[in-house]
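Here's final_16.cif, which has mmCIF, C-alpha atoms and all ligand atoms:
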data_run
loop_
_atom_site.label_atom_id
_atom_site.label_comp_id
_atom_site.auth_asym_id
_atom_site.auth_seq_id
_atom_site.Cartn_x
_atom_site.Cartn_y
_atom_site.Cartn_z
CA MET A 42 -20.51 -4.16 -11.06
CA ARG A 43 -17.94 -3.60 -8.29
CA ARG A 44 -17.76 -0.27 -6.53
CA LYS A 45 -14.87 1.96 -7.62
CA ILE A 46 -13.24 3.72 -4.70
CA VAL A 47 -10.41 6.20 -4.25
CA ALA A 48 -9.56 6.79 -0.60
CA GLY A 49 -7.10 9.33 0.79
CA ASN A 50 -5.28 8.21 3.93
CA TRP A 51 -3.83 11.33 5.51
CA LYS A 52 -1.90 9.26 8.11
CA MET A 53 -0.67 11.57 10.92
CA ASN A 54 -0.78 14.67 8.73
CA GLY A 55 -3.12 17.59 8.31
CA SER A 56 -4.73 20.21 10.50
CA LYS A 57 -8.13 21.67 11.22
CA ASP A 58 -7.45 24.13 8.43
CA LEU A 59 -6.73 21.33 5.93
CA ALA A 60 -9.85 19.51 7.07
CA GLN A 61 -11.76 22.59 5.92
CA THR A 62 -9.89 23.85 2.86
CA LEU A 63 -8.83 20.60 1.22
CA VAL A 64 -12.16 18.93 1.84
CA SER A 65 -14.10 21.87 0.36
CA ASP A 66 -11.79 21.89 -2.66
CA VAL A 67 -12.15 18.16 -3.24
CA ARG A 68 -15.90 18.34 -2.65
CA SER A 69 -16.44 21.09 -5.19
CA GLN A 70 -14.39 19.26 -7.82
CA ALA A 71 -15.95 15.90 -7.05
CA ALA A 72 -19.21 17.30 -8.39
CA SER A 73 -17.79 17.08 -11.91
CA LEU A 74 -16.59 13.47 -11.64
CA ASP A 75 -18.59 11.36 -14.07
CA ASN A 76 -16.89 7.97 -13.61
CA GLY A 77 -18.92 6.75 -10.66
CA VAL A 78 -15.94 6.70 -8.29
CA GLU A 79 -16.64 6.92 -4.57
CA VAL A 80 -14.23 9.38 -2.97
CA VAL A 81 -13.27 8.75 0.66
CA ILE A 82 -11.27 11.03 2.99
CA ILE A 83 -9.53 9.32 5.90
CA PRO A 84 -8.04 12.00 8.18
CA PRO A 85 -6.62 11.54 11.69
CA ALA A 86 -9.51 10.59 13.98
CA ILE A 87 -9.48 13.95 15.75
CA TYR A 88 -10.49 15.66 12.48
CA VAL A 89 -13.11 13.18 11.38
CA GLY A 90 -16.04 15.26 12.65
CA GLU A 91 -14.67 18.36 10.93
CA VAL A 92 -14.16 16.49 7.66
CA ALA A 93 -17.60 14.89 7.87
CA ALA A 94 -19.17 18.32 8.44
CA ASN A 95 -17.47 19.64 5.28
CA ALA A 96 -17.82 16.52 3.13
CA GLY A 97 -21.42 17.01 2.00
CA ASP A 98 -23.11 14.16 0.15
CA LEU A 99 -20.38 13.66 -2.44
CA LEU A 100 -17.56 12.49 -0.20
CA SER A 101 -17.35 9.64 2.27
CA VAL A 102 -15.27 9.72 5.44
CA GLY A 103 -13.26 7.10 7.30
CA VAL A 104 -10.97 6.47 10.25
CA GLN A 105 -7.47 5.00 10.01
CA ASN A 106 -7.91 2.51 12.84
CA VAL A 107 -10.34 1.38 15.52
CA GLY A 108 -9.86 -0.57 18.73
CA GLN A 109 -10.82 -4.23 18.76
CA TRP A 110 -13.24 -3.74 21.66
CA ALA A 111 -16.75 -2.33 21.86
CA SER A 112 -16.03 0.16 24.68
CA GLY A 113 -14.34 0.38 28.06
CA ALA A 114 -11.04 1.17 29.75
CA TYR A 115 -8.80 1.42 26.66
CA THR A 116 -7.21 4.85 26.98
CA GLY A 117 -6.44 6.40 23.62
CA GLU A 118 -8.58 4.07 21.53
CA ILE A 119 -11.72 4.80 19.54
CA SER A 120 -14.43 2.34 18.58
CA ALA A 121 -16.09 1.60 15.26
CA GLU A 122 -19.39 2.81 16.75
CA MET A 123 -17.82 6.17 17.63
CA ALA A 124 -16.50 6.52 14.10
CA ARG A 125 -19.98 5.90 12.75
CA ASP A 126 -21.43 8.33 15.27
CA GLN A 127 -19.07 11.03 13.91
CA GLY A 128 -20.26 10.48 10.34
CA CYS A 129 -17.83 7.84 9.04
CA GLN A 130 -18.73 5.17 6.54
CA TYR A 131 -15.29 3.53 6.35
CA ALA A 132 -12.49 2.28 8.60
CA LEU A 133 -9.02 1.17 7.57
CA VAL A 134 -7.68 -1.87 9.35
CA GLY A 135 -4.32 -3.63 9.28
CA HIS A 136 -2.36 -0.89 7.54
CA SER A 137 1.28 -1.96 7.34
CA GLU A 138 2.26 0.98 9.58
CA ARG A 139 -0.12 -0.37 12.24
CA ARG A 140 1.28 -3.86 11.77
CA GLN A 141 4.93 -2.80 11.82
CA ILE A 142 4.99 0.08 14.31
CA PHE A 143 2.15 -0.90 16.62
CA GLY A 144 2.44 -4.67 16.47
CA GLU A 145 -0.98 -5.30 14.98
CA THR A 146 -1.37 -9.01 14.27
CA ASP A 147 -3.70 -10.84 11.88
CA GLU A 148 -5.76 -11.89 14.91
CA MET A 149 -6.21 -8.25 15.96
CA VAL A 150 -7.07 -7.37 12.37
CA ALA A 151 -9.76 -10.07 12.37
CA GLU A 152 -11.24 -8.75 15.62
CA LYS A 153 -11.24 -5.19 14.33
CA VAL A 154 -12.86 -6.23 11.05
CA GLY A 155 -15.58 -7.86 13.14
CA ARG A 156 -16.16 -4.64 15.10
CA ILE A 157 -16.14 -2.50 11.96
CA VAL A 158 -18.69 -4.50 10.03
CA ALA A 159 -20.86 -5.04 13.12
CA GLY A 160 -20.74 -1.25 13.59
CA GLY A 161 -22.19 -0.76 10.12
CA LEU A 162 -19.04 0.54 8.44
CA TYR A 163 -17.05 -0.65 5.44
CA ALA A 164 -13.76 -2.26 6.48
CA VAL A 165 -10.83 -1.51 4.19
CA VAL A 166 -8.51 -4.36 5.08
CA CYS A 167 -4.89 -3.62 4.16
CA VAL A 168 -2.51 -6.40 3.16
CA GLY A 169 0.95 -6.40 1.59
CA GLU A 170 4.37 -7.98 1.61
CA THR A 171 7.74 -6.50 2.57
CA LEU A 172 10.59 -6.22 0.08
CA GLU A 173 12.35 -9.11 1.78
CA GLU A 174 9.29 -11.32 1.41
CA ARG A 175 8.91 -10.36 -2.25
CA GLU A 176 12.56 -11.06 -3.01
CA ALA A 177 12.22 -14.45 -1.31
CA GLY A 178 9.33 -15.28 -3.66
CA LYS A 179 6.83 -15.26 -0.80
CA ALA A 180 4.71 -12.24 -1.74
CA GLU A 181 1.62 -14.19 -2.78
CA SER A 182 1.67 -16.59 0.16
CA VAL A 183 2.20 -13.79 2.70
CA VAL A 184 -0.66 -11.76 1.27
CA ALA A 185 -2.90 -14.84 1.00
CA ALA A 186 -2.35 -15.59 4.71
CA GLN A 187 -3.15 -11.98 5.66
CA VAL A 188 -6.38 -12.17 3.65
CA ARG A 189 -7.44 -15.54 5.10
CA ASN A 190 -6.59 -14.66 8.70
CA GLY A 191 -7.76 -11.07 8.64
CA LEU A 192 -11.15 -12.00 7.19
CA ALA A 193 -11.65 -15.14 9.28
CA ALA A 194 -14.59 -13.71 11.23
CA VAL A 195 -16.61 -12.26 8.34
CA SER A 196 -20.03 -13.90 7.96
CA ALA A 197 -21.88 -14.44 4.70
CA ASP A 198 -24.07 -11.37 5.05
CA GLN A 199 -21.13 -9.09 5.86
CA TRP A 200 -19.00 -9.50 2.72
CA ARG A 201 -20.58 -6.49 1.06
CA GLN A 202 -18.97 -4.36 3.79
CA VAL A 203 -15.46 -5.62 3.01
CA VAL A 204 -12.90 -3.90 0.77
CA VAL A 205 -9.33 -5.18 0.45
CA ALA A 206 -6.40 -2.82 -0.18
CA TYR A 207 -3.17 -4.31 -1.50
CA GLU A 208 -0.28 -2.11 -0.37
CA PRO A 209 3.17 -3.61 -0.92
CA VAL A 210 5.20 -2.29 2.03
CA TRP A 211 8.17 -1.42 -0.18
CA ALA A 212 5.99 0.88 -2.30
CA ILE A 213 4.56 2.96 0.56
CA GLY A 214 5.95 6.47 0.69
CA THR A 215 8.99 5.43 -1.33
CA GLY A 216 8.05 6.68 -4.78
CA LYS A 217 8.38 3.08 -6.02
CA THR A 218 5.12 1.74 -7.37
CA ALA A 219 4.34 -1.85 -8.25
CA THR A 220 4.04 -2.11 -12.02
CA ALA A 221 0.46 -2.28 -13.18
CA GLN A 222 1.12 -5.90 -14.24
CA ASP A 223 2.53 -6.94 -10.84
CA ALA A 224 -0.29 -5.20 -9.00
CA GLN A 225 -2.87 -6.85 -11.29
CA ALA A 226 -1.28 -10.28 -10.70
CA MET A 227 -1.52 -9.83 -6.93
CA HIS A 228 -5.10 -8.58 -7.14
CA ALA A 229 -6.07 -11.62 -9.21
CA SER A 230 -4.41 -13.82 -6.60
CA ILE A 231 -6.30 -12.05 -3.77
CA ARG A 232 -9.57 -12.53 -5.63
CA LYS A 233 -8.80 -16.25 -5.94
CA VAL A 234 -8.14 -16.48 -2.18
CA LEU A 235 -11.41 -14.63 -1.52
CA SER A 236 -13.34 -17.17 -3.54
CA GLU A 237 -11.57 -20.03 -1.74
CA ILE A 238 -12.77 -18.68 1.62
CA GLY A 239 -16.35 -18.45 0.40
CA ALA A 240 -16.54 -14.71 -0.31
CA PRO A 241 -18.38 -13.35 -3.36
CA ALA A 242 -14.97 -12.50 -4.82
CA ASP A 243 -16.22 -10.82 -7.98
CA GLU A 244 -18.22 -8.32 -5.93
CA ILE A 245 -15.44 -7.24 -3.57
CA SER A 246 -13.56 -4.06 -4.46
CA LEU A 247 -9.78 -4.39 -4.40
CA LEU A 248 -7.75 -1.19 -4.09
CA TYR A 249 -4.06 -0.69 -4.81
CA GLY A 250 -1.93 1.55 -2.60
CA GLY A 251 1.74 2.52 -2.59
CA SER A 252 3.06 5.69 -4.23
CA VAL A 253 -0.03 6.20 -6.40
CA LYS A 254 0.33 9.61 -8.03
CA ALA A 255 -1.54 11.61 -10.65
CA ASP A 256 0.81 10.33 -13.35
CA ASN A 257 0.67 6.58 -12.65
CA ALA A 258 -2.92 6.14 -11.43
CA ALA A 259 -4.54 5.64 -14.84
CA ALA A 260 -2.31 2.70 -15.77
CA LEU A 261 -3.00 0.98 -12.45
CA PHE A 262 -6.75 1.61 -12.52
CA ALA A 263 -7.01 0.30 -16.10
CA GLU A 264 -6.22 -3.22 -14.87
CA PRO A 265 -9.28 -5.47 -14.60
CA ASP A 266 -8.88 -6.42 -10.92
CA ILE A 267 -7.84 -2.99 -9.62
CA ASP A 268 -10.99 -1.19 -8.50
CA GLY A 269 -9.40 2.01 -7.24
CA GLY A 270 -6.69 3.19 -4.90
CA LEU A 271 -5.64 3.95 -1.35
CA ILE A 272 -3.61 7.12 -1.54
CA GLY A 273 -1.18 8.49 1.04
CA GLY A 274 1.00 11.51 0.24
CA ALA A 275 -0.87 12.58 -2.89
CA SER A 276 -4.17 12.77 -0.99
CA LEU A 277 -2.90 15.82 0.91
CA ILE A 278 -2.90 17.97 -2.23
CA ALA A 279 -6.40 18.59 -3.55
CA GLN A 280 -5.41 18.85 -7.22
CA ASP A 281 -3.36 15.66 -7.15
CA PHE A 282 -6.01 13.74 -5.27
CA ILE A 283 -8.85 14.79 -7.54
CA SER A 284 -6.77 14.02 -10.59
CA ILE A 285 -6.23 10.48 -9.22
CA CYS A 286 -10.00 10.22 -8.69
CA ARG A 287 -10.51 11.25 -12.33
CA SER A 288 -8.16 8.47 -13.48
CA VAL A 289 -10.66 5.75 -12.64
CA PRO A 290 -12.15 4.56 -15.92
CA ALA A 291 -15.91 5.05 -16.27
CA GLY A 292 -18.36 2.20 -16.45
CA THR A 293 -16.06 -0.77 -15.88
P1 LIG Y 301 1.80 6.71 -0.26
O1 LIG Y 301 0.75 6.95 -1.33
O2 LIG Y 301 2.28 7.94 0.39
O3 LIG Y 301 2.87 5.79 -0.78
O4 LIG Y 301 1.04 5.88 0.92
C1 LIG Y 301 0.30 4.78 0.61
C2 LIG Y 301 -0.44 4.34 1.80
O5 LIG Y 301 0.12 3.80 2.73
C3 LIG Y 301 -1.89 4.62 1.86
O6 LIG Y 301 -2.50 3.96 2.92
#

What would the structure in this file look like if it were written as structure tokens?
Amino acid sequence: MRRKIVAGNWKMNGSKDLAQTLVSDVRSQAASLDNGVEVVIIPPAIYVGEVAANAGDLLSVGVQNVGQWASGAYTGEISAEMARDQGCQYALVGHSERRQIFGETDEMVAEKVGRIVAGGLYAVVCVGETLEEREAGKAESVVAAQVRNGLAAVSADQWRQVVVAYEPVWAIGTGKTATAQDAQAMHASIRKVLSEIGAPADEISLLYGGSVKADNAAALFAEPDIDGGLIGGASLIAQDFISICRSVPAGT
């Protein structure tokens, strides 16, 4: 059975106060979740220690990015090892905001994935097409290339540390969500690419992200190849986030 995961990516939002109050709220409500979902909080790196201290055993913690190097003269960067040292289990990599604003390439994504898995963390590798690419009928080929290139350095014994998040760029922060059918079709296509590159595709969790809210999460998570979600805006409100976590069907 694949792991079910709901992860909240705070992006560059939040505060020390939120890292205490929201995390305690989510933690206390997570105790009543009975669907086996793993709940992950991914705050800005500066708050990771605070979140990890408040997360208890019920919540996992992640960083939004790591550098592609082990250590050294890279001012402003943090390493996968440091994230683990601060109590993280997860690291996002290749988010479309990193790709678009910070020029992150597939090659950099592949190097970062290598660092993340070697550092003992789960890599949540983000892929997704722009609106222009979708309208040109290229969505599947663009995403397939991101999956192939971004995961090029993963070795056979590391696949269990890989999670893929499909986030169509046009759905991020826009209030437009992919329909459950379109998201399912892309997830099935990603799973096919994973098996073509030798990954144990049926064991890899695939998350959907892009304007997931409390009122559309259940329809998305009911699809057979959608194993949870990567949540932006709605992860900053404890009630909304926990309600999305509750929308994961039990025992599938
Ligand atoms: P929104 O849920 O705010 O659309 O953000 C999605 C996202 O980018 C999560 O990584």

Coordinates-based distance that separates CA of Gly108 (chain A) from CA of Glu170 (chain A) (Å, one decimal):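 So the two atoms, CA of Glu170 (chain A) and CA of Gly108 (chain A), lie 23.5 Å apart.
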
Spatial sel., origin (-0.8, 2.0, -15.0), limit 6 Å, all atoms listed in the file, listed as a list in words: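 Here the neighbourhood of the point contains Ala221, Asn257, Ala258, Ala259, Ala260 and Leu261 of chain A.
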
Contacts with ligand LIG 301 (chain Y) at most 7 Å, all atoms listed in the file counted, listed as JSON, numbers by chain: {"A": [50, 136, 208, 212, 213, 214, 215, 216, 250, 251, 252, 253, 271, 272, 273, 274, 275]}

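Here CA of Val184 (chain A) stands at a distance of 5.6 Å from CA of Gly169 (chain A).
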
Selected residue of minimal separation from Ala279 (chain A) among A:Ala94, A:Leu99, A:Val67, A:Val80, counting only C-alpha atoms: A:Val67

A:Ala206, A:Ile87, A:Ile238, A:Ile46 ranked by distance to Ala224 (chain A), top pick (using only C-alpha atoms):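 The closest residue to Ala224 (chain A) is A:Ala206.
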
Provide an axis-aligned box for all listed atoms of region 120-133 of chain A, padding each side by 3 Å; report its centre and its edge lengths in Å to one decimal, as lines of an AutoDock Vina configuration file.
center_x = -15.2
center_y = 6.1
center_z = 12.5
size_x = 18.4
size_y = 15.9
size_z = 18.2

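Here the question is which of A:Lys57, A:Lys254, A:Lys45, A:Arg287 gets nearest to Pro85 (chain A) using all atoms listed in the file, and that residue is A:Lys57.
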
Between CA of Ala226 (chain A) and CA of Phe262 (chain A) - distance in Å to one decimal: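 Going from CA of Phe262 (chain A) over to CA of Ala226 (chain A) covers 13.2 Å.
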
Within-10 Å shell of (-8.7, 8.3, 1.2) in input frame, all atoms listed in the file, as a ChimeraX atom specification: /A:46-52,79-84,100-105,131,133,270-273,275-277,282

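Each of A:Asp266, A:Gly117, A:Ala96, A:Ile278 was compared to Gly55 (chain A) using all atoms listed in the file, and A:Ile278 turns out to be the nearest.
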
Distance criterion (all atoms listed in the file): nearest to Asp281 (chain A) out of A:Ser196, A:Gln61, A:Gln70, A:Thr146: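 The closest residue to Asp281 (chain A) is A:Gln70.
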
Nearest residue to Leu248 (chain A) from the set A:Arg43, A:Arg125, A:Arg68, A:Lys153 (distances using only C-alpha atoms):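 Closest residue, counting only C-alpha atoms: A:Arg43.
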